[in-house]
Structure formats: structure tokens, C-alpha cells
$ cat target38.pdb   # PDB, C-alpha atoms
ATOM      1  CA  MET A   1     113.380 103.305-142.928
ATOM      2  CA  LEU A   2     115.220 105.682-145.242
ATOM      3  CA  LYS A   3     114.528 105.094-148.933
ATOM      4  CA  LEU A   4     117.482 105.819-151.201
ATOM      5  CA  LEU A   5     116.863 106.238-154.926
ATOM      6  CA  ASN A   6     118.766 106.765-158.160
ATOM      7  CA  PHE A   7     118.176 109.930-160.189
ATOM      8  CA  HIS A   8     119.116 111.116-163.671
ATOM      9  CA  CYS A   9     117.928 114.676-164.262
ATOM     10  CA  VAL A  10     115.605 114.910-167.264
ATOM     11  CA  PHE A  11     116.614 118.424-168.278
ATOM     12  CA  GLU A  12     118.527 118.027-171.534
ATOM     13  CA  ALA A  13     121.497 120.270-170.741
ATOM     14  CA  CYS A  14     121.903 118.870-167.213
ATOM     15  CA  THR A  15     124.397 116.129-166.397
ATOM     16  CA  PHE A  16     123.159 115.440-162.857
ATOM     17  CA  LYS A  17     123.192 111.729-162.050
ATOM     18  CA  ALA A  18     123.224 110.355-158.523
ATOM     19  CA  ASP A  19     122.697 106.957-156.965
ATOM     20  CA  ASN A  20     121.494 106.151-153.469
ATOM     21  CA  ILE A  21     120.245 109.596-152.486
ATOM     22  CA  GLU A  22     117.069 110.741-150.818
ATOM     23  CA  GLU A  23     114.358 112.300-152.959
ATOM     24  CA  SER A  24     114.778 115.516-150.968
ATOM     25  CA  GLU A  25     118.384 115.790-152.186
ATOM     26  CA  PHE A  26     117.209 115.650-155.795
ATOM     27  CA  GLN A  27     114.477 118.185-155.060
ATOM     28  CA  LYS A  28     117.199 120.500-153.733
ATOM     29  CA  HIS A  29     119.041 120.073-157.061
ATOM     30  CA  LEU A  30     115.861 121.063-158.922
ATOM     31  CA  ASP A  31     115.338 124.101-156.693
ATOM     32  CA  ASP A  32     118.970 125.211-156.978
ATOM     33  CA  LYS A  33     119.582 124.555-160.687
ATOM     34  CA  HIS A  34     116.226 124.430-162.463
ATOM     35  CA  HIS A  35     113.832 126.731-160.598
ATOM     36  CA  ASP A  36     113.438 129.091-163.565
ATOM     37  CA  GLU A  37     112.814 126.204-165.963
ATOM     38  CA  LEU A  38     110.227 124.685-163.634
ATOM     39  CA  LEU A  39     108.544 128.075-163.281
ATOM     40  CA  ASP A  40     108.447 128.523-167.070
ATOM     41  CA  ILE A  41     106.795 125.117-167.480
ATOM     42  CA  SER A  42     104.313 125.926-164.718
ATOM     43  CA  ASN A  43     103.308 129.172-166.393
ATOM     44  CA  LYS A  44     103.228 127.735-169.912
ATOM     45  CA  GLU A  45     101.131 124.693-168.963
ATOM     46  CA  ASN A  46      99.065 126.588-166.371
ATOM     47  CA  ILE A  47      99.710 124.035-163.608
ATOM     48  CA  PRO A  48     101.064 124.591-160.094
ATOM     49  CA  LEU A  49     104.829 124.724-159.651
ATOM     50  CA  GLU A  50     104.621 121.919-157.084
ATOM     51  CA  THR A  51     102.974 119.678-159.677
ATOM     52  CA  VAL A  52     105.695 120.407-162.228
ATOM     53  CA  ALA A  53     108.342 119.580-159.622
ATOM     54  CA  MET A  54     106.549 116.346-158.662
ATOM     55  CA  ILE A  55     106.345 115.234-162.311
ATOM     56  CA  THR A  56     110.006 116.106-162.873
ATOM     57  CA  VAL A  57     111.074 114.106-159.808
ATOM     58  CA  SER A  58     109.007 111.153-160.960
ATOM     59  CA  ASN A  59     110.411 111.272-164.497
ATOM     60  CA  SER A  60     113.975 111.530-163.177
ATOM     61  CA  LYS A  61     113.863 108.405-161.019
ATOM     62  CA  VAL A  62     115.905 105.534-162.391
ATOM     63  CA  PHE A  63     114.642 102.066-161.570
ATOM     64  CA  ILE A  64     117.124  99.230-161.751
ATOM     65  CA  ASN A  65     115.968  95.633-161.637
ATOM     66  CA  SER A  66     117.847  93.642-159.035
TER      67      SER A  66
END
$ encode --input "target38.pdb" --output "C-alpha cells"
Amino acid sequence: MLKLLNFHCVFEACTFKADNIEESEFQKHLDDKHHDELLDISNKENIPLETVAMITVSNSKVFINS
């Protein structure tokens, strides 16, 4: 079963908001628009880029009570 989620990008200057999309679609947004920012965070915090991306995805998920 396909799981659709709501996302609101946590990067301050970004206006990306999307409902009912796959996580992979949001990851594509991060790769396309925020790769340099993610890389800067990875280097500054000395953690793998994949971990930074995972944390960013998690922090960008919007949960709505139904």
C-alpha cells in the first residue's frame, strides 16, 4: 500500500508545501533545491549527508489528526 504524506519544508526561505505525496517526492525536492544546504550541515555537524537528509525529512512531515 502506498503511503501518502504531507510535507512543509523546514528550510526558512523555502515555501515548499505539499499534501498527499510520497516521501520520495519530497526527497527529490531536497536533492534538487537544498543539496548544498544539506551538505553544509553535514560538514558542520560532522554527520553523514544521508542522516541530515533523514532528519530533514522527518522534521518536514506534517501530521494532521483526523
$ residues_around --input "target38.pdb" --residues "region 28-34 of chain A" --least-positions-apart "2" --cutoff "12 Å" --atoms "all atoms listed in the file" --output "mmCIF file with C-alpha atoms, in the frame of the given file"
data_model
loop_
_atom_site.group_PDB
_atom_site.id
_atom_site.type_symbol
_atom_site.label_atom_id
_atom_site.label_comp_id
_atom_site.auth_asym_id
_atom_site.auth_seq_id
_atom_site.Cartn_x
_atom_site.Cartn_y
_atom_site.Cartn_z
ATOM 1 C CA PHE A 7 118.176 109.930 -160.189
ATOM 2 C CA HIS A 8 119.116 111.116 -163.671
ATOM 3 C CA CYS A 9 117.928 114.676 -164.262
ATOM 4 C CA VAL A 10 115.605 114.910 -167.264
ATOM 5 C CA PHE A 11 116.614 118.424 -168.278
ATOM 6 C CA GLU A 12 118.527 118.027 -171.534
ATOM 7 C CA ALA A 13 121.497 120.270 -170.741
ATOM 8 C CA CYS A 14 121.903 118.870 -167.213
ATOM 9 C CA THR A 15 124.397 116.129 -166.397
ATOM 10 C CA PHE A 16 123.159 115.440 -162.857
ATOM 11 C CA LYS A 17 123.192 111.729 -162.050
ATOM 12 C CA ALA A 18 123.224 110.355 -158.523
ATOM 13 C CA ILE A 21 120.245 109.596 -152.486
ATOM 14 C CA GLU A 22 117.069 110.741 -150.818
ATOM 15 C CA GLU A 23 114.358 112.300 -152.959
ATOM 16 C CA SER A 24 114.778 115.516 -150.968
ATOM 17 C CA GLU A 25 118.384 115.790 -152.186
ATOM 18 C CA PHE A 26 117.209 115.650 -155.795
ATOM 19 C CA ASP A 36 113.438 129.091 -163.565
ATOM 20 C CA GLU A 37 112.814 126.204 -165.963
ATOM 21 C CA LEU A 38 110.227 124.685 -163.634
ATOM 22 C CA LEU A 39 108.544 128.075 -163.281
ATOM 23 C CA ASP A 40 108.447 128.523 -167.070
ATOM 24 C CA ILE A 41 106.795 125.117 -167.480
ATOM 25 C CA LEU A 49 104.829 124.724 -159.651
ATOM 26 C CA GLU A 50 104.621 121.919 -157.084
ATOM 27 C CA VAL A 52 105.695 120.407 -162.228
ATOM 28 C CA ALA A 53 108.342 119.580 -159.622
ATOM 29 C CA MET A 54 106.549 116.346 -158.662
ATOM 30 C CA ILE A 55 106.345 115.234 -162.311
ATOM 31 C CA THR A 56 110.006 116.106 -162.873
ATOM 32 C CA VAL A 57 111.074 114.106 -159.808
ATOM 33 C CA SER A 60 113.975 111.530 -163.177
#
$ atom_distance --input "target38.pdb" --atom1 "CA of Pro48 (chain A)" --atom2 "CA of Lys61 (chain A)"
20.7 Å
$ atom_distance --input "target38.pdb" --atom1 "CA of Asn46 (chain A)" --atom2 "CA of Val62 (chain A)"
27.3 Å
$ closest_residue --input "target38.pdb" --among "A:Leu2, A:Thr51, A:Glu45, A:His35" --to "Asn20 (chain A)" --atoms "only C-alpha atoms"
A:Leu2
$ axis_aligned_box --input "target38.pdb" --around "region 28-47 of chain A" --padding-each-side "6 Å" --output "JSON"
{"center_x": 109.3, "center_y": 124.6, "center_z": -161.8, "size_x": 32.5, "size_y": 21.1, "size_z": 28.2}
